[in-house]
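Shown here: protein24.pdb, PDB, C-alpha atoms and all ligand atoms.
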ATOM      1  CA  MET O  40      22.084  16.011 -15.504
ATOM      2  CA  GLN O  41      18.480  15.123 -14.822
ATOM      3  CA  ASP O  42      16.082  16.740 -17.293
ATOM      4  CA  ALA O  43      13.078  18.941 -16.467
ATOM      5  CA  LEU O  44      10.819  15.866 -16.425
ATOM      6  CA  GLY O  45      12.858  14.259 -13.639
ATOM      7  CA  SER O  46      14.406  11.689 -15.966
ATOM      8  CA  PRO O  47      17.919  10.771 -14.729
ATOM      9  CA  GLN O  48      20.797  10.109 -17.109
ATOM     10  CA  SER O  49      23.065   8.371 -14.598
ATOM     11  CA  VAL O  50      22.442   6.081 -11.644
ATOM     12  CA  LEU O  51      24.505   4.418  -8.925
ATOM     13  CA  VAL O  52      22.833   1.426  -7.301
ATOM     14  CA  LEU O  53      24.095   0.433  -3.858
ATOM     15  CA  GLY O  54      23.032  -3.206  -3.679
ATOM     16  CA  GLY O  55      23.011  -3.484  -7.459
ATOM     17  CA  ALA O  56      21.965  -7.141  -7.576
ATOM     18  CA  SER O  57      18.599  -6.359  -5.975
ATOM     19  CA  GLU O  58      15.705  -7.468  -8.153
ATOM     20  CA  ILE O  59      13.738  -4.298  -7.371
ATOM     21  CA  ALA O  60      16.792  -2.181  -8.234
ATOM     22  CA  LEU O  61      17.465  -3.986 -11.522
ATOM     23  CA  ALA O  62      13.804  -3.648 -12.546
ATOM     24  CA  THR O  63      14.069   0.079 -11.764
ATOM     25  CA  VAL O  64      17.273   0.468 -13.796
ATOM     26  CA  ARG O  65      15.623  -1.233 -16.793
ATOM     27  CA  ARG O  66      12.827   1.336 -16.667
ATOM     28  CA  LEU O  67      15.296   4.207 -16.285
ATOM     29  CA  ILE O  68      17.151   2.988 -19.393
ATOM     30  CA  GLU O  69      13.831   3.057 -21.281
ATOM     31  CA  GLY O  70      13.956   6.770 -20.404
ATOM     32  CA  ARG O  71      17.194   8.754 -20.717
ATOM     33  CA  CYS O  72      19.531   6.861 -18.385
ATOM     34  CA  ARG O  73      22.755   5.849 -20.149
ATOM     35  CA  THR O  74      25.245   5.432 -17.270
ATOM     36  CA  VAL O  75      24.711   2.705 -14.683
ATOM     37  CA  VAL O  76      27.016   1.767 -11.805
ATOM     38  CA  LEU O  77      26.100  -1.419  -9.964
ATOM     39  CA  ALA O  78      27.760  -1.571  -6.536
ATOM     40  CA  VAL O  79      27.573  -5.139  -5.286
ATOM     41  CA  ARG O  80      29.135  -7.592  -2.864
ATOM     42  CA  ASP O  81      30.117 -10.014  -5.613
ATOM     43  CA  PRO O  82      30.775  -8.392  -9.036
ATOM     44  CA  ALA O  83      30.939 -11.802 -10.795
ATOM     45  CA  ALA O  84      27.380 -12.561  -9.697
ATOM     46  CA  VAL O  85      25.941  -9.641 -11.710
ATOM     47  CA  ALA O  86      27.923 -10.213 -14.928
ATOM     48  CA  ASP O  87      24.822 -11.451 -16.799
ATOM     49  CA  ALA O  88      22.613  -8.670 -15.441
ATOM     50  CA  ALA O  89      25.218  -6.069 -16.462
ATOM     51  CA  ASP O  90      25.403  -7.509 -19.991
ATOM     52  CA  GLU O  91      21.632  -7.451 -20.249
ATOM     53  CA  LEU O  92      21.578  -3.748 -19.268
ATOM     54  CA  ARG O  93      24.333  -3.027 -21.822
ATOM     55  CA  GLY O  94      22.160  -4.744 -24.432
ATOM     56  CA  ARG O  95      19.445  -2.216 -23.568
ATOM     57  CA  GLY O  96      21.784   0.673 -24.398
ATOM     58  CA  ALA O  97      23.501   1.667 -21.144
ATOM     59  CA  GLU O  98      27.172   1.860 -20.228
ATOM     60  CA  VAL O  99      27.457  -0.339 -17.170
ATOM     61  CA  GLU O 100      30.188  -0.404 -14.552
ATOM     62  CA  VAL O 101      30.261  -2.984 -11.759
ATOM     63  CA  ILE O 102      32.145  -2.256  -8.543
ATOM     64  CA  ALA O 103      32.697  -4.080  -5.264
ATOM     65  CA  PHE O 104      30.703  -2.633  -2.374
ATOM     66  CA  ASP O 105      29.816  -4.011   1.033
ATOM     67  CA  ALA O 106      27.195  -2.141   3.054
ATOM     68  CA  PHE O 107      28.601  -3.809   6.177
ATOM     69  CA  ASP O 108      32.035  -2.241   5.661
ATOM     70  CA  THR O 109      31.134   1.330   6.573
ATOM     71  CA  LEU O 110      34.767   2.477   6.754
ATOM     72  CA  SER O 111      35.091   1.850   2.997
ATOM     73  CA  HIS O 112      32.014   3.912   2.024
ATOM     74  CA  PRO O 113      33.628   7.356   1.604
ATOM     75  CA  ARG O 114      36.372   5.885  -0.607
ATOM     76  CA  VAL O 115      34.211   3.532  -2.706
ATOM     77  CA  ILE O 116      31.271   5.913  -3.224
ATOM     78  CA  GLY O 117      33.516   8.971  -3.544
ATOM     79  CA  ALA O 118      35.429   7.266  -6.375
ATOM     80  CA  VAL O 119      32.168   6.755  -8.309
ATOM     81  CA  PHE O 120      31.335  10.471  -8.004
ATOM     82  CA  ASP O 121      34.887  11.354  -9.070
ATOM     83  CA  ARG O 122      34.528   9.196 -12.213
ATOM     84  CA  HIS O 123      30.962  10.364 -12.915
ATOM     85  CA  PRO O 124      30.583  14.032 -12.030
ATOM     86  CA  ASP O 125      26.942  15.166 -11.991
ATOM     87  CA  LEU O 126      25.551  11.790 -10.966
ATOM     88  CA  ASP O 127      21.752  12.161 -11.014
ATOM     89  CA  LEU O 128      20.445   9.307  -8.927
ATOM     90  CA  VAL O 129      21.623   6.967  -6.176
ATOM     91  CA  LEU O 130      19.409   4.051  -5.240
ATOM     92  CA  VAL O 131      19.982   2.473  -1.810
ATOM     93  CA  ALA O 132      18.664  -1.014  -2.472
ATOM     94  CA  PHE O 133      20.705  -3.379  -0.302
ATOM     95  CA  GLY O 134      19.070  -5.173   2.579
ATOM     96  CA  VAL O 135      18.629  -8.484   4.343
ATOM     97  CA  LEU O 136      15.342  -9.845   5.644
ATOM     98  CA  GLY O 137      16.724 -12.529   7.946
ATOM     99  CA  ASP O 138      14.645 -14.848  10.059
ATOM    100  CA  GLN O 139      13.230 -13.770  13.425
ATOM    101  CA  ASP O 140      13.681 -17.241  14.986
ATOM    102  CA  ASP O 141      17.329 -17.190  13.913
ATOM    103  CA  PHE O 142      17.738 -13.664  15.320
ATOM    104  CA  ASP O 143      16.172 -14.781  18.624
ATOM    105  CA  GLU O 144      18.716 -17.603  18.875
ATOM    106  CA  HIS O 145      21.685 -15.673  17.515
ATOM    107  CA  PRO O 146      21.670 -12.015  18.593
ATOM    108  CA  GLU O 147      24.916 -11.469  16.684
ATOM    109  CA  ALA O 148      23.028 -12.272  13.442
ATOM    110  CA  ALA O 149      20.429  -9.645  14.389
ATOM    111  CA  ALA O 150      23.215  -7.133  14.990
ATOM    112  CA  ASP O 151      24.643  -7.912  11.533
ATOM    113  CA  ALA O 152      21.234  -7.239   9.940
ATOM    114  CA  VAL O 153      21.000  -3.922  11.787
ATOM    115  CA  ARG O 154      24.505  -3.083  10.631
ATOM    116  CA  ILE O 155      23.620  -3.731   6.980
ATOM    117  CA  ASN O 156      20.048  -2.382   6.770
ATOM    118  CA  PHE O 157      20.426   0.634   9.044
ATOM    119  CA  VAL O 158      24.054   1.459   9.861
ATOM    120  CA  GLY O 159      25.270   0.724   6.319
ATOM    121  CA  ALA O 160      22.447   2.742   4.796
ATOM    122  CA  VAL O 161      23.060   5.721   7.092
ATOM    123  CA  SER O 162      26.792   5.657   6.382
ATOM    124  CA  SER O 163      26.473   5.373   2.601
ATOM    125  CA  SER O 164      23.577   7.866   2.354
ATOM    126  CA  LEU O 165      25.537  10.527   4.235
ATOM    127  CA  VAL O 166      28.460  10.128   1.824
ATOM    128  CA  VAL O 167      26.043  10.502  -1.100
ATOM    129  CA  ALA O 168      24.283  13.510   0.474
ATOM    130  CA  ASP O 169      27.612  15.287   0.897
ATOM    131  CA  ARG O 170      28.466  14.816  -2.773
ATOM    132  CA  PHE O 171      24.953  15.836  -3.889
ATOM    133  CA  ARG O 172      25.261  19.039  -1.821
ATOM    134  CA  ASP O 173      28.561  19.822  -3.574
ATOM    135  CA  GLN O 174      26.987  19.139  -6.993
ATOM    136  CA  GLY O 175      23.876  21.165  -6.153
ATOM    137  CA  HIS O 176      21.614  18.406  -7.442
ATOM    138  CA  GLY O 177      20.878  14.680  -7.195
ATOM    139  CA  THR O 178      18.168  12.347  -5.924
ATOM    140  CA  LEU O 179      18.693   9.671  -3.291
ATOM    141  CA  VAL O 180      16.082   6.916  -3.478
ATOM    142  CA  VAL O 181      15.929   4.744  -0.361
ATOM    143  CA  LEU O 182      14.178   1.377  -0.244
ATOM    144  CA  SER O 183      12.373   1.367   3.062
ATOM    145  CA  SER O 184       9.336  -0.895   3.603
ATOM    146  CA  VAL O 185       5.811  -0.932   4.975
ATOM    147  CA  ALA O 186       7.521  -2.900   7.771
ATOM    148  CA  ALA O 187       8.846   0.496   8.908
ATOM    149  CA  GLU O 188       5.309   1.627   9.687
ATOM    150  CA  ARG O 189       4.722  -0.848  12.504
ATOM    151  CA  ALA O 190       6.878  -3.692  13.827
ATOM    152  CA  ARG O 191       5.377  -7.167  13.571
ATOM    153  CA  LYS O 192       6.204  -9.762  16.214
ATOM    154  CA  THR O 193       7.193 -12.153  13.402
ATOM    155  CA  ASN O 194       9.969  -9.931  11.992
ATOM    156  CA  TYR O 195      10.530  -7.070  14.393
ATOM    157  CA  VAL O 196      14.295  -6.936  13.922
ATOM    158  CA  TYR O 197      13.869  -6.334  10.173
ATOM    159  CA  GLY O 198      10.970  -3.943  10.851
ATOM    160  CA  SER O 199      13.007  -1.933  13.334
ATOM    161  CA  THR O 200      15.912  -1.601  10.888
ATOM    162  CA  LYS O 201      13.505  -0.236   8.286
ATOM    163  CA  ALA O 202      11.817   2.078  10.831
ATOM    164  CA  GLY O 203      15.227   3.536  11.674
ATOM    165  CA  LEU O 204      16.168   3.815   8.020
ATOM    166  CA  ASP O 205      12.844   5.426   7.136
ATOM    167  CA  ALA O 206      13.132   8.035   9.921
ATOM    168  CA  PHE O 207      16.742   8.773   8.952
ATOM    169  CA  SER O 208      15.811   9.180   5.270
ATOM    170  CA  GLN O 209      12.913  11.536   6.015
ATOM    171  CA  GLY O 210      15.155  13.657   8.222
ATOM    172  CA  LEU O 211      17.898  13.727   5.608
ATOM    173  CA  GLY O 212      15.352  14.719   2.956
ATOM    174  CA  ASP O 213      14.209  17.653   5.092
ATOM    175  CA  ALA O 214      17.810  18.653   5.833
ATOM    176  CA  LEU O 215      18.610  18.732   2.106
ATOM    177  CA  VAL O 216      15.759  21.065   1.143
ATOM    178  CA  GLY O 217      17.251  24.137  -0.518
ATOM    179  CA  THR O 218      20.487  22.384  -1.576
ATOM    180  CA  GLY O 219      19.183  21.064  -4.898
ATOM    181  CA  ALA O 220      19.500  17.492  -3.620
ATOM    182  CA  ARG O 221      16.524  15.477  -2.471
ATOM    183  CA  VAL O 222      15.467  12.142  -0.988
ATOM    184  CA  MET O 223      12.621   9.857  -2.043
ATOM    185  CA  VAL O 224      11.577   7.140   0.410
ATOM    186  CA  VAL O 225      10.019   4.003  -1.107
ATOM    187  CA  ARG O 226       7.756   1.803   1.026
ATOM    188  CA  PRO O 227       6.909  -1.417  -0.778
ATOM    189  CA  GLY O 228       4.618  -4.045   0.698
ATOM    190  CA  PHE O 229       5.384  -7.730   0.082
ATOM    191  CA  VAL O 230       7.305  -8.057  -3.205
ATOM    192  CA  HIS O 231       7.957 -11.371  -4.974
ATOM    193  CA  THR O 232      11.777 -11.356  -5.204
ATOM    194  CA  ARG O 233      14.670 -13.528  -4.042
ATOM    195  CA  MET O 234      14.244 -11.945  -0.618
ATOM    196  CA  THR O 235      10.752 -13.385  -0.145
ATOM    197  CA  ALA O 236      11.180 -16.633  -2.129
ATOM    198  CA  GLY O 237       9.402 -19.533  -0.438
ATOM    199  CA  MET O 238       7.389 -17.282   1.892
ATOM    200  CA  ALA O 239       3.602 -17.120   1.944
ATOM    201  CA  ALA O 240       2.585 -13.933   0.123
ATOM    202  CA  GLN O 241       1.069 -11.116   2.210
ATOM    203  CA  PRO O 242      -2.110  -9.318   1.064
ATOM    204  CA  PHE O 243      -1.450  -6.791  -1.742
ATOM    205  CA  ALA O 244       1.721  -8.668  -2.783
ATOM    206  CA  THR O 245       3.347  -7.133  -5.830
ATOM    207  CA  THR O 246       6.266  -7.573  -8.243
ATOM    208  CA  ALA O 247       9.668  -5.917  -8.617
ATOM    209  CA  ASP O 248       8.538  -4.434 -11.929
ATOM    210  CA  ALA O 249       5.430  -2.893 -10.380
ATOM    211  CA  VAL O 250       7.573  -1.328  -7.632
ATOM    212  CA  ALA O 251       9.955  -0.023 -10.313
ATOM    213  CA  GLU O 252       7.018   1.597 -12.102
ATOM    214  CA  GLN O 253       6.018   3.425  -8.907
ATOM    215  CA  ILE O 254       9.625   4.541  -8.322
ATOM    216  CA  VAL O 255       9.916   6.017 -11.824
ATOM    217  CA  ARG O 256       6.512   7.666 -11.475
ATOM    218  CA  GLY O 257       7.593   9.121  -8.106
ATOM    219  CA  LEU O 258      10.773  10.520  -9.688
ATOM    220  CA  GLU O 259       8.748  12.159 -12.449
ATOM    221  CA  ARG O 260       6.379  13.708  -9.908
ATOM    222  CA  GLY O 261       9.108  14.801  -7.504
ATOM    223  CA  SER O 262       7.497  12.755  -4.697
ATOM    224  CA  HIS O 263       9.148  12.475  -1.284
ATOM    225  CA  THR O 264       7.397   9.174  -0.484
ATOM    226  CA  VAL O 265       6.268   6.326  -2.716
ATOM    227  CA  TRP O 266       4.134   3.342  -1.682
ATOM    228  CA  ALA O 267       4.013   0.178  -3.763
ATOM    229  CA  PRO O 268       1.337  -0.743  -4.510
ATOM    230  CA  PRO O 269      -0.123   2.730  -3.774
ATOM    231  CA  LEU O 270      -3.051   1.177  -1.887
ATOM    232  CA  VAL O 271      -0.809  -0.006   0.997
ATOM    233  CA  ARG O 272      -0.486   3.626   2.071
ATOM    234  CA  TRP O 273      -4.150   3.651   3.084
ATOM    235  CA  VAL O 274      -4.065   0.116   4.479
ATOM    236  CA  PHE O 275      -1.210   1.091   6.798
ATOM    237  CA  ALA O 276      -2.872   4.394   7.704
ATOM    238  CA  VAL O 277      -5.437   2.158   9.413
ATOM    239  CA  LEU O 278      -3.132  -0.659  10.591
ATOM    240  CA  ARG O 279      -0.692   1.624  12.378
ATOM    241  CA  HIS O 280      -3.501   2.873  14.637
ATOM    242  CA  LEU O 281      -4.986  -0.513  15.530
ATOM    243  CA  PRO O 282      -4.939  -1.277  19.264
ATOM    244  CA  ARG O 283      -1.838  -3.387  20.108
ATOM    245  CA  ARG O 284      -3.902  -6.451  21.030
ATOM    246  CA  LEU O 285      -5.618  -6.390  17.626
ATOM    247  CA  TRP O 286      -2.353  -5.639  15.786
ATOM    248  CA  ARG O 287      -0.726  -8.731  17.401
ATOM    249  CA  ILE O 288      -3.484 -10.878  15.891
ATOM    250  CA  VAL O 289      -3.572  -9.186  12.482
ATOM    251  CA  SER O 290       0.230  -9.220  12.085
ATOM    252  CA  ALA O 291       0.813 -12.771  13.312
ATOM    253  CA  ARG O 292       1.257 -14.400   9.891
TER     254      ARG O 292
HETATM  255  N1  LIG M 301      11.040  -8.085  -1.351
HETATM  256  C1  LIG M 301      10.223  -7.445  -0.518
HETATM  257  O1  LIG M 301       9.138  -7.933  -0.158
HETATM  258  C2  LIG M 301      10.594  -6.073  -0.010
HETATM  259  C3  LIG M 301       9.599  -5.305   0.575
HETATM  260  C4  LIG M 301       9.905  -4.048   1.075
HETATM  261  C5  LIG M 301      11.191  -3.568   0.991
HETATM  262  N2  LIG M 301      12.166  -4.343   0.408
HETATM  263  C6  LIG M 301      13.517  -3.809   0.387
HETATM  264  O2  LIG M 301      13.906  -3.592  -0.942
HETATM  265  C7  LIG M 301      15.326  -3.719  -1.058
HETATM  266  C8  LIG M 301      15.659  -4.641  -2.225
HETATM  267  O3  LIG M 301      15.143  -5.926  -1.928
HETATM  268  P1  LIG M 301      14.763  -6.993  -3.072
HETATM  269  O4  LIG M 301      13.367  -7.388  -2.828
HETATM  270  O5  LIG M 301      15.166  -6.465  -4.391
HETATM  271  O6  LIG M 301      15.647  -8.233  -2.625
HETATM  272  P2  LIG M 301      17.016  -8.827  -3.186
HETATM  273  O7  LIG M 301      16.895  -9.103  -4.630
HETATM  274  O8  LIG M 301      17.343  -9.934  -2.259
HETATM  275  O9  LIG M 301      18.022  -7.615  -3.002
HETATM  276  C9  LIG M 301      18.681  -7.345  -1.791
HETATM  277  C10 LIG M 301      20.111  -7.041  -2.176
HETATM  278  O10 LIG M 301      20.826  -6.581  -1.017
HETATM  279  C11 LIG M 301      22.164  -6.991  -1.216
HETATM  280  N3  LIG M 301      22.929  -6.989   0.020
HETATM  281  C12 LIG M 301      22.666  -7.665   1.167
HETATM  282  N4  LIG M 301      23.643  -7.438   2.057
HETATM  283  C13 LIG M 301      24.535  -6.601   1.457
HETATM  284  C14 LIG M 301      25.747  -5.995   1.863
HETATM  285  N5  LIG M 301      26.290  -6.234   3.066
HETATM  286  N6  LIG M 301      26.390  -5.185   0.988
HETATM  287  C15 LIG M 301      25.880  -4.941  -0.244
HETATM  288  N7  LIG M 301      24.735  -5.493  -0.696
HETATM  289  C16 LIG M 301      24.078  -6.314   0.154
HETATM  290  C17 LIG M 301      22.042  -8.411  -1.753
HETATM  291  O11 LIG M 301      23.259  -8.721  -2.368
HETATM  292  P3  LIG M 301      23.692 -10.228  -2.739
HETATM  293  O12 LIG M 301      23.151 -10.398  -4.137
HETATM  294  O13 LIG M 301      25.174 -10.174  -2.657
HETATM  295  O14 LIG M 301      23.063 -11.128  -1.735
HETATM  296  C18 LIG M 301      20.860  -8.273  -2.700
HETATM  297  O15 LIG M 301      21.286  -8.009  -4.023
HETATM  298  C19 LIG M 301      15.824  -4.201   0.301
HETATM  299  O16 LIG M 301      16.289  -3.099   1.061
HETATM  300  C20 LIG M 301      14.561  -4.751   0.943
HETATM  301  O17 LIG M 301      14.639  -4.705   2.355
HETATM  302  C21 LIG M 301      11.890  -5.578  -0.111
END
Spit out the file's structure as structure tokens when you get a sec.
Ligand SMILES: NC(=O)c1ccc[n+]([C@@H]2O[C@H](COP(=O)([O-])OP(=O)(O)OC[C@H]3O[C@@H](n4cnc5c(N)ncnc54)[C@H](OP(=O)(O)O)[C@@H]3O)[C@@H](O)[C@H]2O)c1
Amino acid sequence: MQDALGSPQSVLVLGGASEIALATVRRLIEGRCRTVVLAVRDPAAVADAADELRGRGAEVEVIAFDAFDTLSHPRVIGAVFDRHPDLDLVLVAFGVLGDQDDFDEHPEAAADAVRINFVGAVSSSLVVADRFRDQGHGTLVVLSSVAAERARKTNYVYGSTKAGLDAFSQGLGDALVGTGARVMVVRPGFVHTRMTAGMAAQPFATTADAVAEQIVRGLERGSHTVWAPPLVRWVFAVLRHLPRRLWRIVSAR
């Protein structure tokens, strides 16, 4: 059970190989978190990361999970809750960025990205919400993006998946008020991780560890929305209201 300071003792990470997620789990272990379940596409690929987390003092379980395979979500996620009653935190961290030129040429690749980033997140989050309602507590942390705030012509498929996910997560958070469960939406700007490797950094670029710090701070405060770095909240408060013609120029890179 989470303590009065909002410090979780157990966490399930959907997309457990994510660099932002692993940085967050490290910080949670520095607190009171002792049970970690990493749900990943390829369990062998996170063997070293799991050992490293064990070395920091957590019991770590690795399970196979594919966001794309929505039919499996009730069984796979339900089994984690059955093994770990009173799970405190679920972090929805999976996602693909993709390439807009590739999506333009191959609409089926765009549909796959939508299926992972949006459909998979909706499906898995609803399974989690149901179990949190039954428990009467639990926090769902969803990795959205500043890309959800306004679609850029250079990655509008990704941006639209995050806009859908962000709207869904806010609605779910409001629907859960009074149940003991809650949702925290995280909107990072450009983060230096595997996802953005080789790309030119955007203004206010940050690191996985800095995002993790904001996530843990948001949990402690009971926030419903976290921006990382915090300044991008105010930057996007302006950007989202720019006239379209100006936005096309500003968002072109
Ligand atoms: N990096 C940024 O600039 C940035 C900014 C804003 C928001 N975000 C969001 O933050 C989240 C984490 O991203 P990150 O930066 O930590 O990148 P990352 O290290 O590439 O993590 C993304 C993870 O998603 C997993 N994944 C992809 N498709 C999956 C599927 N079908 N089933 C299960 N897992 C799947 C990947 O698994 P594999 O290891 O198997 O490939 C990978 O571990 C993502 O939702 C991303 O959209 C990132």
Task: Given the PyMOL selection byres (((not hetatm)) within 7 of (chain M and resi 301)), the residues it picks as a PyMOL selection string - done: chain O and resi 53-60+79-81+104-107+132-136+155-156+182-185+226-235+247
Written selection (C-alpha atoms) as a CSV table (one decimal), in the coordinates of the input:
chain,number,residue,atom,x,y,z
O,53,LEU,CA,24.1,0.4,-3.9
O,54,GLY,CA,23.0,-3.2,-3.7
O,55,GLY,CA,23.0,-3.5,-7.5
O,56,ALA,CA,22.0,-7.1,-7.6
O,57,SER,CA,18.6,-6.4,-6.0
O,58,GLU,CA,15.7,-7.5,-8.2
O,59,ILE,CA,13.7,-4.3,-7.4
O,60,ALA,CA,16.8,-2.2,-8.2
O,79,VAL,CA,27.6,-5.1,-5.3
O,80,ARG,CA,29.1,-7.6,-2.9
O,81,ASP,CA,30.1,-10.0,-5.6
O,104,PHE,CA,30.7,-2.6,-2.4
O,105,ASP,CA,29.8,-4.0,1.0
O,106,ALA,CA,27.2,-2.1,3.1
O,107,PHE,CA,28.6,-3.8,6.2
O,132,ALA,CA,18.7,-1.0,-2.5
O,133,PHE,CA,20.7,-3.4,-0.3
O,134,GLY,CA,19.1,-5.2,2.6
O,135,VAL,CA,18.6,-8.5,4.3
O,136,LEU,CA,15.3,-9.8,5.6
O,155,ILE,CA,23.6,-3.7,7.0
O,156,ASN,CA,20.0,-2.4,6.8
O,182,LEU,CA,14.2,1.4,-0.2
O,183,SER,CA,12.4,1.4,3.1
O,184,SER,CA,9.3,-0.9,3.6
O,185,VAL,CA,5.8,-0.9,5.0
O,226,ARG,CA,7.8,1.8,1.0
O,227,PRO,CA,6.9,-1.4,-0.8
O,228,GLY,CA,4.6,-4.0,0.7
O,229,PHE,CA,5.4,-7.7,0.1
O,230,VAL,CA,7.3,-8.1,-3.2
O,231,HIS,CA,8.0,-11.4,-5.0
O,232,THR,CA,11.8,-11.4,-5.2
O,233,ARG,CA,14.7,-13.5,-4.0
O,234,MET,CA,14.2,-11.9,-0.6
O,235,THR,CA,10.8,-13.4,-0.1
O,247,ALA,CA,9.7,-5.9,-8.6
Box for range 102-107 of chain O - axis-aligned, 5 Å on each of the six sides, all listed atoms - centre and size in Å to one decimal, as JSON.
{"center_x": 29.9, "center_y": -3.1, "center_z": -1.2, "size_x": 15.5, "size_y": 11.9, "size_z": 24.7}
Task: All residues 8 Å or closer to His176 in chain O, only C-alpha atoms, same chain fewer than 3 positions away omitted, as a ChimeraX atom specification - done: /O:125,127,171-172,218-221
Task: Atom-to-atom span, CA of Ala97 in chain O and CA of Leu61 in chain O, Å - done: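 Separation of CA of Ala97 in chain O and CA of Leu61 in chain O: 12.7 Å.
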List as an mmCIF file with C-alpha atoms, keeping the file's coordinate frame: which residues have an atom within 12 Å of (16.7, -0.7, -15.6), counting only C-alpha atoms?
data_model
loop_
_atom_site.group_PDB
_atom_site.id
_atom_site.type_symbol
_atom_site.label_atom_id
_atom_site.label_comp_id
_atom_site.auth_asym_id
_atom_site.auth_seq_id
_atom_site.Cartn_x
_atom_site.Cartn_y
_atom_site.Cartn_z
ATOM 1 C CA PRO O 47 17.919 10.771 -14.729
ATOM 2 C CA GLN O 48 20.797 10.109 -17.109
ATOM 3 C CA SER O 49 23.065 8.371 -14.598
ATOM 4 C CA VAL O 50 22.442 6.081 -11.644
ATOM 5 C CA LEU O 51 24.505 4.418 -8.925
ATOM 6 C CA VAL O 52 22.833 1.426 -7.301
ATOM 7 C CA GLY O 55 23.011 -3.484 -7.459
ATOM 8 C CA ALA O 56 21.965 -7.141 -7.576
ATOM 9 C CA SER O 57 18.599 -6.359 -5.975
ATOM 10 C CA GLU O 58 15.705 -7.468 -8.153
ATOM 11 C CA ILE O 59 13.738 -4.298 -7.371
ATOM 12 C CA ALA O 60 16.792 -2.181 -8.234
ATOM 13 C CA LEU O 61 17.465 -3.986 -11.522
ATOM 14 C CA ALA O 62 13.804 -3.648 -12.546
ATOM 15 C CA THR O 63 14.069 0.079 -11.764
ATOM 16 C CA VAL O 64 17.273 0.468 -13.796
ATOM 17 C CA ARG O 65 15.623 -1.233 -16.793
ATOM 18 C CA ARG O 66 12.827 1.336 -16.667
ATOM 19 C CA LEU O 67 15.296 4.207 -16.285
ATOM 20 C CA ILE O 68 17.151 2.988 -19.393
ATOM 21 C CA GLU O 69 13.831 3.057 -21.281
ATOM 22 C CA GLY O 70 13.956 6.770 -20.404
ATOM 23 C CA ARG O 71 17.194 8.754 -20.717
ATOM 24 C CA CYS O 72 19.531 6.861 -18.385
ATOM 25 C CA ARG O 73 22.755 5.849 -20.149
ATOM 26 C CA THR O 74 25.245 5.432 -17.270
ATOM 27 C CA VAL O 75 24.711 2.705 -14.683
ATOM 28 C CA VAL O 76 27.016 1.767 -11.805
ATOM 29 C CA LEU O 77 26.100 -1.419 -9.964
ATOM 30 C CA ALA O 88 22.613 -8.670 -15.441
ATOM 31 C CA ALA O 89 25.218 -6.069 -16.462
ATOM 32 C CA ASP O 90 25.403 -7.509 -19.991
ATOM 33 C CA GLU O 91 21.632 -7.451 -20.249
ATOM 34 C CA LEU O 92 21.578 -3.748 -19.268
ATOM 35 C CA ARG O 93 24.333 -3.027 -21.822
ATOM 36 C CA GLY O 94 22.160 -4.744 -24.432
ATOM 37 C CA ARG O 95 19.445 -2.216 -23.568
ATOM 38 C CA GLY O 96 21.784 0.673 -24.398
ATOM 39 C CA ALA O 97 23.501 1.667 -21.144
ATOM 40 C CA GLU O 98 27.172 1.860 -20.228
ATOM 41 C CA VAL O 99 27.457 -0.339 -17.170
ATOM 42 C CA LEU O 130 19.409 4.051 -5.240
ATOM 43 C CA ALA O 247 9.668 -5.917 -8.617
ATOM 44 C CA ASP O 248 8.538 -4.434 -11.929
ATOM 45 C CA ALA O 251 9.955 -0.023 -10.313
ATOM 46 C CA GLU O 252 7.018 1.597 -12.102
ATOM 47 C CA ILE O 254 9.625 4.541 -8.322
ATOM 48 C CA VAL O 255 9.916 6.017 -11.824
#
Open item on the list: Applying 9 Å and all atoms listed in the file, which residues near Ser208 in chain O remain after dropping the ones on its own chain fewer than 6 positions away? List them as a list in words.
Closed with: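 Neighbouring residues, sequence-local ones excluded: Val161, Ser164, Val181, Ser183, Val222, Met223 and Val224 of chain O.
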- [ ] Go through O:Leu179, O:Asn194, O:Glu144, O:Leu165 and flag the residue nearest His263 in chain O, using only C-alpha atoms for the distances.
- [x]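 Closest to His263 in chain O, using only C-alpha atoms: O:Leu179.
As for CA of Ala78 in chain O and CA of Val250 in chain O, they are spaced 20.2 Å apart.
Among the candidates O:Leu281, O:Val115, O:Ala103, O:Ile288, the residue lying nearest to Ser162 in chain O is O:Val115 (atoms considered: only C-alpha atoms).
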